[in-house]
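One file, model31.cif, is given below (mmCIF, C-alpha atoms (C1' of nucleotides)).
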```
data_run
#
loop_
_atom_site.label_atom_id
_atom_site.label_comp_id
_atom_site.auth_asym_id
_atom_site.auth_seq_id
_atom_site.Cartn_x
_atom_site.Cartn_y
_atom_site.Cartn_z
CA MET A 32 8.62 -7.13 25.77
CA LYS A 33 9.50 -3.87 27.54
CA LEU A 34 12.70 -2.07 26.52
CA SER A 35 15.13 -0.58 29.07
CA SER A 36 16.13 3.05 28.76
CA ASP A 37 19.78 2.03 28.36
CA GLU A 38 18.97 -0.35 25.56
CA LEU A 39 16.90 2.33 23.85
CA HIS A 40 19.80 4.83 24.00
CA ALA A 41 22.19 2.18 22.75
CA ARG A 42 20.03 1.31 19.74
CA PHE A 43 19.57 4.92 18.74
CA ARG A 44 23.25 5.73 19.18
CA ARG A 45 24.24 2.68 17.17
CA HIS A 46 22.29 4.08 14.23
CA ALA A 47 23.35 7.73 14.80
CA LEU A 48 19.76 8.81 15.48
CA ARG A 49 18.76 11.60 17.85
CA LEU A 50 16.73 10.34 20.74
CA THR A 51 13.76 12.59 21.46
CA ARG A 52 10.81 11.99 23.79
CA GLN A 53 8.61 11.45 20.76
CA ARG A 54 10.93 8.94 19.13
CA ALA A 55 11.35 7.05 22.39
CA ALA A 56 7.58 6.88 22.83
CA ILE A 57 6.89 5.79 19.25
CA TYR A 58 9.65 3.20 19.08
CA SER A 59 8.88 1.78 22.53
CA ALA A 60 5.21 1.49 21.68
CA LEU A 61 6.03 -0.39 18.50
CA ALA A 62 8.79 -2.59 19.93
CA SER A 63 6.73 -3.66 22.95
CA VAL A 64 3.88 -5.12 20.98
CA ASN A 65 3.66 -8.01 18.56
CA SER A 66 0.70 -6.81 16.61
CA HIS A 67 1.49 -4.78 13.50
CA PRO A 68 0.02 -1.34 14.09
CA THR A 69 -0.68 1.39 11.53
CA ALA A 70 0.80 4.87 11.89
CA ASP A 71 -2.56 6.00 13.22
CA ASP A 72 -2.72 3.19 15.80
CA LEU A 73 0.65 4.30 17.14
CA TYR A 74 -0.41 7.93 17.06
CA ARG A 75 -3.42 7.24 19.22
CA THR A 76 -1.46 5.11 21.66
CA VAL A 77 1.35 7.59 22.08
CA LYS A 78 -0.93 10.62 22.16
CA GLN A 79 -2.37 9.42 25.48
CA ARG A 80 0.90 10.22 27.19
CA TYR A 81 2.00 13.08 24.89
CA PRO A 82 -1.11 14.97 23.84
CA MET A 83 0.91 17.37 21.66
CA MET A 84 2.18 14.52 19.49
CA SER A 85 1.55 15.08 15.80
CA LEU A 86 0.59 12.34 13.37
CA ASN A 87 3.16 13.89 11.09
CA THR A 88 5.87 13.15 13.62
CA VAL A 89 4.75 9.54 13.78
CA TYR A 90 5.10 9.21 10.01
CA TYR A 91 8.43 11.00 9.94
CA THR A 92 9.81 8.96 12.82
CA LEU A 93 8.68 5.69 11.28
CA SER A 94 10.33 6.57 7.99
CA VAL A 95 13.58 7.36 9.81
CA LEU A 96 13.43 4.15 11.82
CA CYS A 97 12.68 2.11 8.70
CA ARG A 98 15.63 3.56 6.85
CA ALA A 99 17.84 2.83 9.87
CA GLY A 100 16.57 -0.74 9.96
CA LEU A 101 15.13 -0.54 13.49
CA VAL A 102 11.63 -1.06 12.17
CA GLN A 103 10.12 -2.59 9.07
CA GLU A 104 7.03 -1.90 7.06
CA VAL A 105 4.60 -4.72 6.35
CA ASN A 106 1.63 -4.55 4.00
CA VAL A 107 -1.68 -6.24 3.56
CA GLY A 108 -2.92 -5.63 0.05
CA HIS A 109 -2.38 -2.03 -0.99
CA ASP A 110 -4.14 -0.42 1.94
CA VAL A 111 -2.74 1.32 5.03
CA ALA A 112 0.90 0.75 5.89
CA ARG A 113 1.58 -1.41 8.94
CA PHE A 114 4.76 -1.44 10.95
CA ASP A 115 6.72 -4.13 12.72
CA GLY A 116 9.20 -3.48 15.53
CA ASN A 117 10.57 -6.99 15.18
CA VAL A 118 13.39 -6.91 12.64
CA THR A 119 14.75 -10.39 13.30
CA ALA A 120 14.16 -12.77 10.40
CA HIS A 121 10.55 -13.86 10.32
CA HIS A 122 7.59 -14.09 7.98
CA HIS A 123 3.84 -13.50 8.20
CA LEU A 124 0.47 -15.14 8.29
CA ILE A 125 -2.26 -12.77 7.08
CA CYS A 126 -5.96 -13.22 7.73
CA VAL A 127 -7.92 -12.23 4.64
CA GLY A 128 -11.01 -11.85 6.83
CA CYS A 129 -9.97 -9.50 9.64
CA ARG A 130 -6.59 -8.55 8.15
CA GLN A 131 -4.65 -9.36 11.29
CA ILE A 132 -0.99 -10.25 10.81
CA VAL A 133 0.71 -12.97 12.84
CA ASP A 134 4.43 -13.73 12.94
CA VAL A 135 5.82 -17.00 11.60
CA ILE A 136 9.24 -18.09 12.80
CA ASP A 137 10.65 -20.84 10.63
CA GLU A 138 14.30 -21.29 9.87
CA GLY A 139 13.51 -23.09 6.61
CA LEU A 140 11.69 -20.07 5.24
CA ASN A 141 14.69 -17.87 6.01
CA GLN A 142 16.89 -19.96 3.71
CA LEU A 143 14.95 -19.58 0.45
CA ALA A 144 16.83 -18.52 -2.64
CA VAL A 145 16.12 -17.92 -6.32
CA SER A 146 17.95 -20.10 -8.77
CA ARG A 147 20.57 -18.26 -10.79
CA GLY A 148 18.59 -18.87 -13.96
CA GLN A 149 15.53 -17.12 -12.53
CA ALA A 150 17.43 -14.32 -10.82
CA ARG A 151 18.00 -12.37 -14.07
CA GLY A 152 21.02 -10.51 -12.80
CA PHE A 153 19.30 -9.23 -9.65
CA ARG A 154 21.44 -8.79 -6.54
CA ILE A 155 19.07 -10.15 -3.89
CA LEU A 156 19.00 -8.44 -0.50
CA GLY A 157 16.25 -10.41 1.22
CA HIS A 158 12.86 -11.97 0.86
CA ARG A 159 9.48 -12.19 2.49
CA VAL A 160 6.93 -14.94 2.65
CA GLU A 161 3.26 -14.18 3.28
CA PHE A 162 0.75 -16.93 3.94
CA HIS A 163 -2.87 -15.92 3.33
CA GLY A 164 -5.85 -17.59 4.92
CA TYR A 165 -8.54 -17.34 7.56
CA CYS A 166 -7.69 -17.08 11.24
CA ALA A 167 -9.51 -19.25 13.77
CA GLY A 168 -11.86 -16.41 14.74
CA CYS A 169 -12.89 -15.67 11.16
CA GLN A 170 -13.48 -19.36 10.47
CA ARG A 171 -15.89 -19.48 13.43
CA ALA A 172 -17.59 -16.30 12.29
CA MET A 173 -18.18 -17.83 8.84
CA LEU A 174 -20.01 -20.77 10.39
CA ASP A 175 -22.43 -18.47 12.22
CA VAL A 176 -23.08 -15.95 9.46
CA PRO A 177 -23.19 -17.28 5.89
CA PRO A 178 -21.08 -15.30 3.39
CA ARG A 179 -22.70 -12.61 1.25
CA ASN A 180 -21.25 -13.56 -2.09
CA GLY A 181 -22.71 -17.05 -2.21
CA GLN A 182 -23.23 -18.73 -5.58
CA LYS A 183 -26.73 -18.53 -6.98
CA HIS A 184 -28.79 -21.62 -5.88
CA MET B 237 0.75 -13.72 -25.41
CA LYS B 238 -2.31 -12.62 -27.41
CA LEU B 239 -5.68 -14.02 -26.41
CA SER B 240 -8.25 -15.29 -28.95
CA SER B 241 -11.76 -13.88 -28.87
CA ASP B 242 -13.18 -17.37 -28.23
CA GLU B 243 -10.86 -17.93 -25.30
CA LEU B 244 -11.82 -14.52 -23.89
CA HIS B 245 -15.53 -15.35 -24.11
CA ALA B 246 -14.90 -18.74 -22.55
CA ARG B 247 -13.02 -17.30 -19.61
CA PHE B 248 -15.66 -14.69 -18.89
CA ARG B 249 -18.50 -17.17 -19.22
CA ARG B 250 -16.73 -19.62 -16.95
CA HIS B 251 -16.78 -16.98 -14.21
CA ALA B 252 -20.29 -15.71 -15.01
CA LEU B 253 -18.99 -12.26 -15.93
CA ARG B 254 -20.55 -9.96 -18.52
CA LEU B 255 -18.24 -9.36 -21.41
CA THR B 256 -18.25 -5.70 -22.45
CA ARG B 257 -15.90 -3.91 -24.85
CA GLN B 258 -14.24 -2.21 -21.90
CA ARG B 259 -13.70 -5.42 -19.98
CA ALA B 260 -12.33 -7.15 -23.05
CA ALA B 261 -9.90 -4.28 -23.66
CA ILE B 262 -8.74 -4.09 -20.03
CA TYR B 263 -8.34 -7.81 -19.54
CA SER B 264 -6.63 -8.33 -22.90
CA ALA B 265 -4.21 -5.51 -22.21
CA LEU B 266 -3.31 -7.01 -18.85
CA ALA B 267 -3.17 -10.63 -19.98
CA SER B 268 -0.96 -9.90 -22.99
CA VAL B 269 1.86 -8.32 -21.05
CA ASN B 270 4.22 -9.65 -18.42
CA SER B 271 4.97 -6.40 -16.70
CA HIS B 272 2.76 -5.57 -13.73
CA PRO B 273 0.90 -2.39 -14.66
CA THR B 274 -0.97 -0.01 -12.37
CA ALA B 275 -4.61 0.86 -12.94
CA ASP B 276 -3.47 4.11 -14.50
CA ASP B 277 -1.02 2.35 -16.86
CA LEU B 278 -3.87 0.19 -18.12
CA TYR B 279 -6.15 3.22 -18.37
CA ARG B 280 -3.70 5.03 -20.62
CA THR B 281 -3.08 1.98 -22.78
CA VAL B 282 -6.74 1.18 -23.28
CA LYS B 283 -7.80 4.81 -23.72
CA GLN B 284 -5.84 4.95 -26.96
CA ARG B 285 -8.38 2.67 -28.58
CA TYR B 286 -11.41 3.68 -26.47
CA PRO B 287 -11.08 7.39 -25.72
CA MET B 288 -14.28 7.40 -23.66
CA MET B 289 -12.86 4.86 -21.21
CA SER B 290 -13.07 6.01 -17.61
CA LEU B 291 -10.40 5.35 -15.02
CA ASN B 292 -13.24 4.42 -12.75
CA THR B 293 -14.19 1.59 -15.07
CA VAL B 294 -10.64 0.32 -15.00
CA TYR B 295 -10.73 0.16 -11.20
CA TYR B 296 -14.15 -1.42 -11.13
CA THR B 297 -13.24 -3.99 -13.75
CA LEU B 298 -10.01 -4.91 -12.03
CA SER B 299 -11.82 -5.43 -8.74
CA VAL B 300 -14.34 -7.68 -10.46
CA LEU B 301 -11.61 -9.66 -12.22
CA CYS B 302 -9.64 -10.00 -8.98
CA ARG B 303 -12.64 -11.35 -7.12
CA ALA B 304 -13.27 -13.80 -9.97
CA GLY B 305 -9.64 -14.91 -9.84
CA LEU B 306 -8.83 -13.95 -13.45
CA VAL B 307 -6.35 -11.34 -12.25
CA GLN B 308 -4.33 -10.80 -9.11
CA GLU B 309 -3.11 -7.75 -7.30
CA VAL B 310 0.58 -7.42 -6.47
CA ASN B 311 2.13 -4.77 -4.28
CA VAL B 312 5.45 -3.07 -3.85
CA GLY B 313 5.54 -1.40 -0.48
CA HIS B 314 2.29 0.38 0.30
CA ASP B 315 2.19 2.51 -2.84
CA VAL B 316 0.09 2.15 -5.99
CA ALA B 317 -1.59 -1.17 -6.63
CA ARG B 318 -0.17 -3.25 -9.46
CA PHE B 319 -1.98 -5.98 -11.32
CA ASP B 320 -0.93 -9.29 -12.78
CA GLY B 321 -2.84 -11.13 -15.50
CA ASN B 322 -0.86 -14.29 -14.82
CA VAL B 323 -2.70 -16.28 -12.17
CA THR B 324 -0.70 -19.50 -12.50
CA ALA B 325 1.46 -20.20 -9.45
CA HIS B 326 4.49 -17.92 -9.44
CA HIS B 327 6.35 -15.49 -7.22
CA HIS B 328 8.12 -12.16 -7.65
CA LEU B 329 11.46 -10.43 -7.74
CA ILE B 330 11.15 -6.75 -6.86
CA CYS B 331 13.76 -4.12 -7.62
CA VAL B 332 13.99 -1.70 -4.70
CA GLY B 333 15.64 0.81 -7.03
CA CYS B 334 13.26 1.15 -9.98
CA ARG B 335 10.40 -0.89 -8.45
CA GLN B 336 10.03 -3.17 -11.42
CA ILE B 337 8.53 -6.57 -10.72
CA VAL B 338 9.76 -9.73 -12.45
CA ASP B 339 8.15 -13.17 -12.32
CA VAL B 340 9.88 -16.12 -10.67
CA ILE B 341 8.76 -19.60 -11.62
CA ASP B 342 10.04 -22.18 -9.18
CA GLU B 343 8.16 -25.30 -8.22
CA GLY B 344 9.96 -25.47 -4.87
CA LEU B 345 8.57 -22.11 -3.82
CA ASN B 346 5.05 -23.27 -4.65
CA GLN B 347 5.32 -26.08 -2.10
CA LEU B 348 6.04 -24.03 1.03
CA ALA B 349 3.91 -24.65 4.10
CA VAL B 350 3.72 -23.41 7.67
CA SER B 351 4.26 -25.98 10.38
CA ARG B 352 1.14 -26.81 12.34
CA GLY B 353 2.67 -25.32 15.48
CA GLN B 354 3.18 -21.96 13.77
CA ALA B 355 -0.13 -21.94 11.91
CA ARG B 356 -2.17 -21.00 15.02
CA GLY B 357 -5.42 -22.40 13.73
CA PHE B 358 -5.28 -20.54 10.40
CA ARG B 359 -6.79 -22.21 7.36
CA ILE B 360 -4.17 -21.37 4.75
CA LEU B 361 -5.35 -20.59 1.22
CA GLY B 362 -2.06 -19.69 -0.43
CA HIS B 363 1.22 -17.89 -0.09
CA ARG B 364 3.47 -15.44 -1.85
CA VAL B 365 7.20 -15.04 -1.87
CA GLU B 366 8.82 -11.70 -2.73
CA PHE B 367 12.55 -11.37 -3.26
CA HIS B 368 13.87 -7.84 -2.88
CA GLY B 369 17.06 -6.58 -4.45
CA TYR B 370 18.59 -4.49 -7.21
CA CYS B 371 18.02 -5.32 -10.86
CA ALA B 372 20.95 -5.35 -13.26
CA GLY B 373 20.15 -1.87 -14.55
CA CYS B 374 20.01 -0.31 -11.10
CA GLN B 375 23.30 -1.98 -10.13
CA ARG B 376 24.96 -0.37 -13.14
CA ALA B 377 23.39 2.99 -12.33
CA MET B 378 24.79 2.82 -8.79
CA LEU B 379 28.31 2.42 -10.14
CA ASP B 380 28.01 5.59 -12.20
CA VAL B 381 26.25 7.84 -9.68
CA PRO B 382 27.23 7.43 -6.02
CA PRO B 383 24.30 7.17 -3.58
CA ARG B 384 23.05 10.26 -1.76
CA ASN B 385 22.72 8.88 1.72
CA GLY B 386 26.39 8.03 2.24
CA GLN B 387 27.70 7.69 5.80
CA LYS B 388 29.60 10.67 7.15
CA HIS B 389 33.39 10.18 6.61
"C1'" DC C 87 -37.46 -7.37 -29.66
"C1'" DT C 88 -38.25 -6.40 -24.65
"C1'" DT C 89 -36.97 -6.46 -20.31
"C1'" DT C 90 -33.98 -5.87 -16.58
"C1'" DA C 91 -30.05 -6.38 -13.94
"C1'" DT C 92 -25.67 -4.78 -14.35
"C1'" DC C 93 -22.08 -1.74 -16.31
"C1'" DT C 94 -20.06 2.74 -17.60
"C1'" DA C 95 -18.62 7.74 -17.37
"C1'" DG C 96 -17.60 11.48 -15.04
"C1'" DG C 97 -17.62 14.30 -11.28
"C1'" DA C 98 -17.27 14.63 -6.38
"C1'" DA C 99 -15.65 12.75 -1.99
"C1'" DT C 100 -12.36 10.23 0.95
"C1'" DC C 101 -8.41 9.56 3.41
"C1'" DA C 102 -3.60 7.93 4.00
"C1'" DT C 103 0.49 10.08 3.25
"C1'" DT C 104 3.56 13.93 2.16
"C1'" DC C 105 4.88 18.81 1.88
"C1'" DC C 106 5.82 23.28 3.98
"C1'" DT C 107 7.61 26.16 7.55
"C1'" DA C 108 8.17 28.59 11.95
"C1'" DC C 109 9.45 27.21 16.38
"C1'" DA C 110 11.77 23.87 19.65
"C1'" DT C 111 15.47 21.05 21.23
"C1'" DA C 112 19.26 17.16 21.43
"C1'" DA C 113 23.94 16.83 20.81
"C1'" DC C 114 28.30 18.69 20.56
"C1'" DA C 115 31.99 21.96 21.65
"C1'" DT C 116 33.51 25.47 24.38
"C1'" DA D 35 27.03 24.68 32.52
"C1'" DT D 36 25.96 27.36 28.31
"C1'" DG D 37 25.77 28.63 23.62
"C1'" DT D 38 25.53 27.09 18.89
"C1'" DT D 39 23.57 24.69 15.29
"C1'" DA D 40 21.84 21.00 12.76
"C1'" DT D 41 17.88 18.41 13.11
"C1'" DG D 42 13.21 17.34 14.89
"C1'" DT D 43 8.35 18.70 15.78
"C1'" DA D 44 3.49 20.52 15.17
"C1'" DG D 45 -0.03 21.69 12.57
"C1'" DG D 46 -2.11 23.18 8.59
"C1'" DA D 47 -2.34 22.68 3.68
"C1'" DA D 48 -1.57 19.86 -0.48
"C1'" DT D 49 -1.42 15.53 -3.04
"C1'" DG D 50 -3.01 11.65 -5.29
"C1'" DA D 51 -4.71 6.91 -5.46
"C1'" DT D 52 -8.93 4.91 -4.75
"C1'" DT D 53 -13.88 4.87 -3.83
"C1'" DC D 54 -18.57 6.75 -3.91
"C1'" DC D 55 -22.64 8.45 -6.33
"C1'" DT D 56 -25.86 8.60 -10.04
"C1'" DA D 57 -28.03 9.08 -14.53
"C1'" DG D 58 -27.79 7.02 -18.88
"C1'" DA D 59 -26.14 2.75 -21.63
"C1'" DT D 60 -26.04 -2.10 -22.77
"C1'" DA D 61 -25.24 -7.39 -22.40
"C1'" DA D 62 -27.79 -11.32 -21.58
"C1'" DA D 63 -31.96 -13.92 -21.07
"C1'" DG D 64 -36.69 -14.87 -22.49
#
```

Translate the structure described by the file into structure tokens.
Amino acid sequence: MKLSSDELHARFRRHALRLTRQRAAIYSALASVNSHPTADDLYRTVKQRYPMMSLNTVYYTLSVLCRAGLVQEVNVGHDVARFDGNVTAHHHLICVGCRQIVDVIDEGLNQLAVSRGQARGFRILGHRVEFHGYCAGCQRAMLDVPPRNGQKH
Amino acid sequence: MKLSSDELHARFRRHALRLTRQRAAIYSALASVNSHPTADDLYRTVKQRYPMMSLNTVYYTLSVLCRAGLVQEVNVGHDVARFDGNVTAHHHLICVGCRQIVDVIDEGLNQLAVSRGQARGFRILGHRVEFHGYCAGCQRAMLDVPPRNGQKH
DNA sequence: CTTTATCTAGGAATCATTCCTACATAACAT
DNA sequence: ATGTTATGTAGGAATGATTCCTAGATAAAG
């Protein structure tokens, strides 16, 4: 969903963050989308309107927004970092074929806890659930093209 | 726990993997520990007994073992990959201070599922739950040394 | 014991991310 | 409005985990 200029100012002020053209562009791009773009995806998107934009600024801005809690980082395996402008409680479905990430909204998953016996003195701040599997598109693709790593015979 | 030579052979044969000295050393080192070492941690451990060991071989072996399902990869944020020789169902507790990873064994967490409405046609293979928080040690450390990023006033 | 497909070592290459620093500018106070 | 100043930005260089390449080694099968 699109974000009003007033709302943007309010969010930045609430977290004592300076609002620059670059930050507005980066945060709006991320908050208006429900995919989970990489820093480079955002860079390319935002660079169309601000050709001087530096990839460095995208990284720096994302780190600031993460620390402020306006944005969160999501990961698939150990590869490129992906970012999520949705910081309301939710979890993820990850396609191990095409690596897309889809949001899962489920109140039950938000309520999970570790038993005291297992918690080993940790003070828990939050949790994440990731479901791994194949998306509909990748399932179809597997029917057309047989997998490479088939068993012998 | 230590792994017998017979059991090692059996596991490798079961997955049609060649058993070399290097693979035995890497897999044994990982399977006998319940921390979650990085490739480099394993490299340094194993190099003590096999000084010719290459870091490359550690990476290659871990990728082979992961694909075979004898080992799994765990991640904290998007930084270095960590590996887990325990492939029975379990989840993790991650300290956001010192980044240590601790196992959580909880049958309830193994039973989670996504509702059909949220699953969007995915064929789910598995899931992971990560709890984030501060371990006992980091909580104590925070009492002694106040945090850097304190609010103004 | 031979054969052969696969593994290993080591060096080079890749590439996401971070570091450095001079210049620019948002926010605050005057 | 305008000046002041702490903070942000651009871009180039550095870092470091991981992957690629290749010639020699070796486990497994016959």

| Surrounding residues of Ala355 (chain B) excluding itself and chain neighbours under 6 positions, 12 Å, only C-alpha atoms (C1' of nucleotides), as a list in words | His122, His123, Leu124, Ile125, Cys126, Ile132, Val133, Asp134, Val135, Ile136, Asp137, Phe162, His163, Gly164, Tyr165, Cys166 and Ala167 of chain A; Ala349 and Leu361 of chain B

Can you write out as JSON lines which residues of region 291-384 of chain B fall within 9 Å of region 37-57 of chain D, alongside each residue's closest atom pair and its distance in Å to one decimal, counting only C-alpha atoms (C1' of nucleotides) and ordering rows by chain and ascending residue number?
```
{"residue": "B:Asn292", "atom": "CA", "partner": "D:DT53", "partner_atom": "C1'", "distance": 9.0}
{"residue": "B:Tyr295", "atom": "CA", "partner": "D:DT52", "partner_atom": "C1'", "distance": 8.2}
{"residue": "B:Asp315", "atom": "CA", "partner": "D:DA51", "partner_atom": "C1'", "distance": 8.6}
{"residue": "B:Val316", "atom": "CA", "partner": "D:DA51", "partner_atom": "C1'", "distance": 6.8}
{"residue": "B:Ala317", "atom": "CA", "partner": "D:DA51", "partner_atom": "C1'", "distance": 8.7}
```

| Distance in Å - CA of Ala325 (chain B) versus CA of Asn346 (chain B) |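 Separating CA of Ala325 (chain B) from CA of Asn346 (chain B) is a distance of 6.7 Å.
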
| query | For chain B against chain C, which residues fall within 10 Å using only C-alpha atoms (C1' of nucleotides), given as a list in words? | reply | Arg254, Leu255, Thr256, Gln258, Arg259, Met288, Met289, Ser290, Leu291, Asn292, Thr293, Tyr296, Thr297 and Asp315 of chain B

Go ahead and write the residues just picked, C-alpha atoms, as an mmCIF file, keeping the file's coordinate frame.
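Writing done, so here's result39.cif:
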```cif
data_model
loop_
_atom_site.group_PDB
_atom_site.id
_atom_site.type_symbol
_atom_site.label_atom_id
_atom_site.label_comp_id
_atom_site.auth_asym_id
_atom_site.auth_seq_id
_atom_site.Cartn_x
_atom_site.Cartn_y
_atom_site.Cartn_z
ATOM 1 C CA ARG B 254 -20.550 -9.960 -18.520
ATOM 2 C CA LEU B 255 -18.240 -9.360 -21.410
ATOM 3 C CA THR B 256 -18.250 -5.700 -22.450
ATOM 4 C CA GLN B 258 -14.240 -2.210 -21.900
ATOM 5 C CA ARG B 259 -13.700 -5.420 -19.980
ATOM 6 C CA MET B 288 -14.280 7.400 -23.660
ATOM 7 C CA MET B 289 -12.860 4.860 -21.210
ATOM 8 C CA SER B 290 -13.070 6.010 -17.610
ATOM 9 C CA LEU B 291 -10.400 5.350 -15.020
ATOM 10 C CA ASN B 292 -13.240 4.420 -12.750
ATOM 11 C CA THR B 293 -14.190 1.590 -15.070
ATOM 12 C CA TYR B 296 -14.150 -1.420 -11.130
ATOM 13 C CA THR B 297 -13.240 -3.990 -13.750
ATOM 14 C CA ASP B 315 2.190 2.510 -2.840
#
```

| said: For a test of reading the model, state the distance in Å between CA of Asp72 (chain A) and CA of Asp115 (chain A), rounded to one decimal. | reply: 12.3 Å

| field | Interatomic distance, CA of Phe153 (chain A) to CA of Arg335 (chain B) (Å, one decimal) | value |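 So the two atoms, CA of Phe153 (chain A) and CA of Arg335 (chain B), lie 12.3 Å apart.
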
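Minimum atom-to-atom distance to chain A, evaluated using all atoms listed in the file, belongs to B:Arg359 out of B:His251, B:His272, B:Lys283, B:Arg359.
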
Run the PyMOL selection byres ((chain A and resi 34) around 12) on the file and write out the hits as a tab-separated table (two decimals) with C-alpha atoms, in the coordinates of the input.
```tsv
chain	number	residue	atom	x	y	z
A	32	MET	CA	8.62	-7.13	25.77
A	33	LYS	CA	9.50	-3.87	27.54
A	35	SER	CA	15.13	-0.58	29.07
A	36	SER	CA	16.13	3.05	28.76
A	37	ASP	CA	19.78	2.03	28.36
A	38	GLU	CA	18.97	-0.35	25.56
A	39	LEU	CA	16.90	2.33	23.85
A	40	HIS	CA	19.80	4.83	24.00
A	41	ALA	CA	22.19	2.18	22.75
A	42	ARG	CA	20.03	1.31	19.74
A	55	ALA	CA	11.35	7.05	22.39
A	56	ALA	CA	7.58	6.88	22.83
A	58	TYR	CA	9.65	3.20	19.08
A	59	SER	CA	8.88	1.78	22.53
A	60	ALA	CA	5.21	1.49	21.68
A	61	LEU	CA	6.03	-0.39	18.50
A	62	ALA	CA	8.79	-2.59	19.93
A	63	SER	CA	6.73	-3.66	22.95
A	64	VAL	CA	3.88	-5.12	20.98
A	116	GLY	CA	9.20	-3.48	15.53
```

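Ranking A:Tyr81, A:Arg75, A:Ala47, A:Asn65 by their shortest atom-to-atom distance to chain B, with all atoms listed in the file included, puts A:Ala47 first.
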
| task | Using only C-alpha atoms (C1' of nucleotides), collect all residues at a distance of at most 6 Å from (9.6, 0.9, -3.0) as written in the file, then present them as a PyMOL selection string. | result | chain B and resi 312-313+332+335

| request: Tell me which of B:Gly344, B:His314, B:Phe319, B:Met378 sits closest to chain A, counting all atoms listed in the file. | output: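 Selected residue with least distance to chain A: B:His314.
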